[in-house]
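**Q** I'd like to ask you about the structure that follows.
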Amino acid sequence: MNNTSKRMSAAGLLIAIGIVYGDIGTSPLYVMKSIVTENGGIANVNRELIVGSISLILWTVTLLTTVKYVMIALKATNHGEGGIFSLYALVRKRAKWLVIPALIGGAALLADGTLTPAVTVTTSIEGLKNMRFGDVIPVPSQEVVIMITIIILVILFSIQRMGTSVIGKAFGPIMLVWFTFLGVVGIANLSHDWSLLEAINPIHAIRILFSPANKVGILILGSVFLATTGAEALYSDVGHVGKANIIGSWPYVFVCLSLNYLGQGAWILHNASYHTGNGDFNPFFEVVPSNLRLFAIALATIAAIIASQALITGSFTLVAEASSLKFLPRMNIIYPSTEKGQIYIPSINKMICVVTVAIVFLFRTSHHMEAAYGLAITVTMLMTTILLFEYLGKKGKPLYLRLIFLIAFAFIEGMFLISSLTKFLHGGYVTVLIAGFILAIMYVWYYGNKVRDKRESRNAYVRLDEYTDMLTNLSHDEDYPTYATNLVYMANVKYNKFIKREILYSILDKRPKRAKAYWFVTVNVTNEPFTAEYAVNTYGTKNVINVQLYLGFKKQTSVNVYLRQIVHELIADGTIEAQPQRFTTTPGRDVGDFSFVIVNDVISPQTQLVGYEKWLVEARVRLQNLSSNPASWFGLEYADTVIERVPLILGRPNPSYIKRIKPKDYSNAKSK
């Protein structure tokens with residue numbers, strides 16, 4: 001992220017409102033509805049319940065969102081990026097076990113990203129159900145609600161390629177209208193009963209947990225927690241808009257949300273005998289004057305779409321960070337704008353889309369979805385609290401302050417987790433299954449790499465400069481057929497000389513591959529968007545070339561295009577041998593053909609791992625082979641590319657010997 005985008009500005013504040021607050025900004029759609037429904041309906045509410053519930057909501061948002069995330073977590077950014085993986089990257093050197101909360105929290109947050117679009121869009125469309133427009137009822141049933149919801153979700157996922165900058169500029173003004181609308185409607189209803197402002201006193205929040213007016217007891221926290229589910233997304237999206245713009249825009253958002261909850265509470269208390277003809281009840285839509293109801297539903301639907309956007313963009317950031325931390329396989333990442341923090345991952349976009357649509361089909365109503373919603377994000381918040389405790393230690397904060405932070409927030413979030421777990425059989429199990437699946441993938445990839453690195457032979461890397469004579473001799477040995485003019489290996493050459501032994505094994509041992517020039521190319525992605533530079537080391541030869549490409553994150557990694565230019569330049573200055581072409585449709589062509597080789601591992605039968613470690617490495621290799629085509633990472637889809645499997649031998653193989661014996665003598669055997 002560049003310095004300009006880090007500064008607070010009117011445009012930055014507007015984009016932040018458009019991207020970051022969608023999830024938490026749509027909470028008024030279902031929080032009060034869930035509280036009233038769980039308590040037995042509007043006929044069973046009283047002033048104590050409403051005041052206490054709103055007090056719980058206000059102080060939950062104050063403590064978890066304002067204090068923990070806006071005031072503390074936003075300071076814990078890694079090169080401008082936020083989220084649980086960035087936080088882990090800051091503290092991972094303090095203790096090895098910190099990877100556990102990072103993996104659990106990340107998996108839970110990615111699972112939550114599939115639930116938010118489903119519940120928010122469904123809730124808003126349900127506001128249209130059975131509404132009459134003249135003699136027509138456009139949305140007469142839940143089946144129509146589901147159909148409209150799925151159409152909206154598919155359109156939303158299909159526009160992600162545009163990037164969050166474009167989307168944020170479009171959504172920012174709409175969300176500004178949305179929050180203003182929430183505040184105005186809230187204050188209009190609150191004006192009928194200003195005494196409801198007593199909910200600001202936290203004593204009411206504590207009392208309602210033990211009051212007989214609250215029929216579900218501490219389980220009310222499961223509904224209250226829905227008011228702050230967007231806090232983790234706020235932290236994850238900081239790389240898209242900058243923390244200054246989040247800090248500057250949050251007070252306005254918080255005030256508008258608070259006024260709306262208070263307004264809904266005032267309306268409920270003055271309409272205790274209210275009932276709808278169709279049995280559906282949502283105080284958010286009821287507080288709006290009838291002549292503005294359609295406008296409110298349309299605005300709520302758009303806000304719900306934007307809520308989904310916040311989680312989707314946050315998921316892209318999380319996955320990119322997970323890949324860099326070796327929690328997930330490498331994926332094809334697209335940068336729609338010049339901001340490195342704004343990314344698009346096609347495979348993740350498709351996965352979230354499919355799972356979200358499946359959730360809509362499975363649960364069918366927003367009320368059923370609410371049972372699953374919130375459980376995953378509670379787990380993520382708990383894991384973030386543990387990592388923040390370590391981050392505060394890294395910053396030199398006194399132990400007693402860190403312990404106060406840990407105990408206070410772990411207790412609050414633990415209470416929310418317990419209340420959310422009671423909904424496990426009513427839908428929470430779906431969240432656990434999704435998060436568990438993601439966690440299993442991350443666990444296999446991370447610990448599979450750990451086992452491989454631990455068990456890999458010390459001779460896994462060799463010095464490239466020690467093999468240059470052998471490669472040069474092979475290049476000129478006419479006893480071998482020419483494999484390619486330019487044989488290119490996409491290899492990570494460390495410290496300009498160390499290379500995986502399997503690369504040279506591929507050239508020399510499998511079947512010697514003769515080439516005019518051997519290229520070992522390392523792609524380094526820089527933090528600047530449009531860097532396009534390269535460095536060359538030939539080790540004093542004209543046939544062995546180590547190329548370090550330095551490409552900006554916006555530059556398409558079309559290695560074959562860049563390499564053709566590099567070959568031409570090195571031939572022109574005499575660094576490498578000329579490659580005249582006798583047969584060509586291009587007169588004067590001086591660059592030969594290319595063959596690109598990408599080496600993938602397969603487990604060798606000689607691998608001496610057993611039991612759990614063997615299973616883990618085998619699962620990791622299968623996952624590698626199922627992930628996106630490595631050729632797409634380097635823009636080689638249309639080049640002559642070979643994905644070569646090389647046996648991976650882990651552990652010290654036991655030598656196997658076979659004893660030679662004389663042939664058996666059958667001279668005295670009787671013929672049949």
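By convention here, the chains of the structure tokens are called A, B, ... in the order presented, each chain's residues are numbered starting at 1, and ligands are numbered starting at 1 in the order presented.
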List the neighbours of region 317-325 of chain A out to 8 Å using only C-alpha atoms; skip same-chain residues closer than 2 positions along the sequence, and give me the result as an MDAnalysis selection string.
**A** chainID A and resid 83:86 89 106 110 236:237 313:315 327:331 333 341:343
**Q** Show me, as JSON lines, the residues of region 170-276 of chain A having an atom within 6 Å of region 53-58 of chain A, each with the closest atom pair and its distance in Å, using only C-alpha atoms.
**A**
```
{"residue": "A:Ala199", "atom": "CA", "partner": "A:Ser55", "partner_atom": "CA", "distance": 4.5}
{"residue": "A:Ile200", "atom": "CA", "partner": "A:Ser55", "partner_atom": "CA", "distance": 5.8}
{"residue": "A:Ala205", "atom": "CA", "partner": "A:Leu56", "partner_atom": "CA", "distance": 4.6}
{"residue": "A:Val224", "atom": "CA", "partner": "A:Ile57", "partner_atom": "CA", "distance": 5.7}
```
**Q** Name the residues in contact with Met71 (chain A) at a cut-off of 12 Å, using only C-alpha atoms, excluding same-chain residues fewer than 3 positions from it; report them as a list of chain:residue names.
**A** A:Thr62, A:Leu63, A:Leu64, A:Thr65, A:Thr66, A:Val67, A:Lys68, A:Leu74, A:Lys75, A:Ala76, A:Ala231, A:Tyr235, A:Lys243, A:Ala244, A:Ile246, A:Ile247, A:Gly248, A:Trp250, A:Pro251
**Q** What lies within 8 Å of Val360 (chain A) using only C-alpha atoms, ignoring chain neighbours under 6 positions off, as a list of chain:residue names?
**A**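 Once the adjacent positions are removed, what remains is A:Ala118, A:Val119, A:Thr122, A:Ile146, A:Ile150.
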**Q** Excluding same-chain residues fewer than 3 positions from Leu623 (chain A), what lies within 8 Å of it counting only C-alpha atoms, as a ChimeraX atom specification?
**A** /A:329,445,619-620,626-627
**Q** May I have the selected residues written with C-alpha atoms, as an mmCIF file, in the first residue's frame?
**A**
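And here's part03.cif as it stands now:
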```cif
data_model
loop_
_atom_site.group_PDB
_atom_site.id
_atom_site.type_symbol
_atom_site.label_atom_id
_atom_site.label_comp_id
_atom_site.auth_asym_id
_atom_site.auth_seq_id
_atom_site.Cartn_x
_atom_site.Cartn_y
_atom_site.Cartn_z
ATOM 1 C CA PRO A 329 -0.773 -23.843 -1.611
ATOM 2 C CA TRP A 445 0.025 -28.065 3.956
ATOM 3 C CA ALA A 619 -1.475 -35.720 1.688
ATOM 4 C CA ARG A 620 0.588 -32.567 1.179
ATOM 5 C CA LEU A 626 -4.628 -30.739 -7.054
ATOM 6 C CA SER A 627 -3.895 -27.011 -6.695
#
```
**Q** Within 7 Å of Ile208 (chain A), counting only C-alpha atoms, which residues show up once you throw out same-chain ones fewer than 6 positions away? Write them as a ChimeraX atom specification, please.
**A** /A:49,52,214
**Q** Name the residues of region 489-605 of chain A that come out as strand (DSSP E) in a backbone DSSP run; write them as a PyMOL selection string.
**A** chain A and resi 489-490+498-500+514-526+532-537+544-552+594-603
**Q** Give me the residues within 12 Å of Val597 (chain A) as a PyMOL selection string, counting only C-alpha atoms and dropping any in the same chain fewer than 6 places off.
**A** chain A and resi 483-484+486-491+502-504+506-507+513+518-521+560+630-631+634+636+639-646
**Q** CA of Val145 (chain A) and CA of Leu128 (chain A), how far apart in Å?
**A**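 These atoms are spaced 8.3 Å apart.
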**Q** Using only C-alpha atoms, which of the listed residues (A:Ile15, A:Val523, A:Glu478, A:Thr468) sits closest to Thr538 (chain A)?
**A**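 Looking only at the distances to Thr538 (chain A), the closest residue turns out to be A:Thr468.
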**Q** Would you return as JSON, numbers by chain the members of region 402-492 of chain A that DSSP assigns to helix (DSSP H, G or I) on this structure's backbone?
**A** {"A": [402, 403, 404, 405, 406, 407, 408, 409, 410, 411, 412, 413, 414, 415, 416, 417, 418, 419, 420, 421, 424, 425, 426, 428, 429, 430, 431, 432, 433, 434, 435, 436, 437, 438, 439, 440, 441, 442, 443, 444, 445, 446, 447, 448, 449, 450, 451, 452, 453, 454, 455, 458, 459, 460, 464, 465, 466, 468, 469, 470, 471, 472, 473, 474, 475, 476]}
**Q** Taking only C-alpha atoms into account, name the residue in A:Leu115, A:Leu292, A:Val184, A:Ile268 that is nearest to Gly427 (chain A).
**A**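 The shortest atom-to-atom distance to Gly427 (chain A) comes from A:Leu115.
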**Q** Take CA of Asp465 (chain A) and CA of Tyr495 (chain A) and report the distance between them in Å, one decimal.
**A**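 A separation of 11.8 Å between them.
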**Q** Identify which of the residues A:Arg94, A:Val355, A:Ile345, A:Thr365 lies closest to Leu153 (chain A), counting only C-alpha atoms when measuring atom-to-atom distances.
**A**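 Closest residue, counting only C-alpha atoms: A:Val355.
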**Q** Could you check how far CA of Ile334 (chain A) sits from CA of Gln160 (chain A), in Å to one decimal?
**A** 10.6 Å
**Q** Rank nothing, just name the residue among A:Asn245, A:Ser124, A:Thr60, A:Ser419 nearest to Pro202 (chain A), using only C-alpha atoms.
**A**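 Of A:Asn245, A:Ser124, A:Thr60, A:Ser419, the one nearest Pro202 (chain A) is A:Thr60, counting only C-alpha atoms.
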**Q** Sorted by chain and rising residue number, list the residues of region 447-513 of chain A at most 12 Å from region 610-615 of chain A (counting only C-alpha atoms), each with its closest atom pair and distance in Å to one decimal, as a Markdown table.
**A**
```
| residue | atom | partner | partner_atom | distance |
| --- | --- | --- | --- | --- |
| A:Tyr447 | CA | A:Glu613 | CA | 9.1 |
| A:Gly448 | CA | A:Glu613 | CA | 7.8 |
| A:Asn449 | CA | A:Glu613 | CA | 10.6 |
| A:Lys450 | CA | A:Glu613 | CA | 9.9 |
| A:Val451 | CA | A:Glu613 | CA | 6.7 |
| A:Arg452 | CA | A:Glu613 | CA | 9.0 |
| A:Asp453 | CA | A:Glu613 | CA | 11.9 |
| A:Lys454 | CA | A:Glu613 | CA | 10.7 |
| A:Arg455 | CA | A:Glu613 | CA | 9.7 |
```
**Q** Keeping N, CA, C and O atoms, export the residues of the selection given above as an mmCIF file, in the first residue's frame.
**A**
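Final file, out-v1.cif:
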```
data_model
loop_
_atom_site.group_PDB
_atom_site.id
_atom_site.type_symbol
_atom_site.label_atom_id
_atom_site.label_comp_id
_atom_site.auth_asym_id
_atom_site.auth_seq_id
_atom_site.Cartn_x
_atom_site.Cartn_y
_atom_site.Cartn_z
ATOM 1 N N TYR A 447 2.086 -28.455 8.136
ATOM 2 C CA TYR A 447 2.875 -29.469 8.834
ATOM 3 C C TYR A 447 3.483 -30.479 7.865
ATOM 4 O O TYR A 447 4.517 -31.089 8.168
ATOM 5 N N GLY A 448 2.873 -30.668 6.689
ATOM 6 C CA GLY A 448 3.498 -31.491 5.655
ATOM 7 C C GLY A 448 4.812 -30.880 5.201
ATOM 8 O O GLY A 448 5.815 -31.584 5.000
ATOM 9 N N ASN A 449 4.827 -29.546 5.037
ATOM 10 C CA ASN A 449 6.069 -28.851 4.691
ATOM 11 C C ASN A 449 7.105 -28.966 5.813
ATOM 12 O O ASN A 449 8.301 -29.108 5.554
ATOM 13 N N LYS A 450 6.617 -28.902 7.068
ATOM 14 C CA LYS A 450 7.528 -29.005 8.207
ATOM 15 C C LYS A 450 8.209 -30.370 8.240
ATOM 16 O O LYS A 450 9.428 -30.469 8.463
ATOM 17 N N VAL A 451 7.415 -31.424 8.029
ATOM 18 C CA VAL A 451 7.990 -32.776 8.028
ATOM 19 C C VAL A 451 8.971 -32.922 6.880
ATOM 20 O O VAL A 451 10.061 -33.488 7.031
ATOM 21 N N ARG A 452 8.599 -32.410 5.719
ATOM 22 C CA ARG A 452 9.488 -32.503 4.556
ATOM 23 C C ARG A 452 10.813 -31.802 4.832
ATOM 24 O O ARG A 452 11.885 -32.342 4.559
ATOM 25 N N ASP A 453 10.732 -30.570 5.366
ATOM 26 C CA ASP A 453 11.958 -29.815 5.625
ATOM 27 C C ASP A 453 12.828 -30.513 6.671
ATOM 28 O O ASP A 453 14.064 -30.502 6.586
ATOM 29 N N LYS A 454 12.172 -31.136 7.657
ATOM 30 C CA LYS A 454 12.922 -31.796 8.734
ATOM 31 C C LYS A 454 13.589 -33.078 8.246
ATOM 32 O O LYS A 454 14.722 -33.388 8.618
ATOM 33 N N ARG A 455 12.874 -33.821 7.394
ATOM 34 C CA ARG A 455 13.353 -35.130 6.961
ATOM 35 C C ARG A 455 14.169 -35.090 5.672
ATOM 36 O O ARG A 455 14.775 -36.078 5.287
#
```
**Q** From the set A:Val617, A:Leu403, A:Leu392, A:Val241, which residue has the shortest atom-to-atom contact distance to Arg7 (chain A), counting only C-alpha atoms?
**A**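 Of the candidates, the smallest distance to Arg7 (chain A) is held by A:Val241.
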**Q** So, counting only C-alpha atoms, which residue among A:Leu90, A:Ala358, A:Ile658, A:Ala372 is closest to Phe424 (chain A)?
**A**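 Under the stated criterion, the closest residue is A:Ala372.
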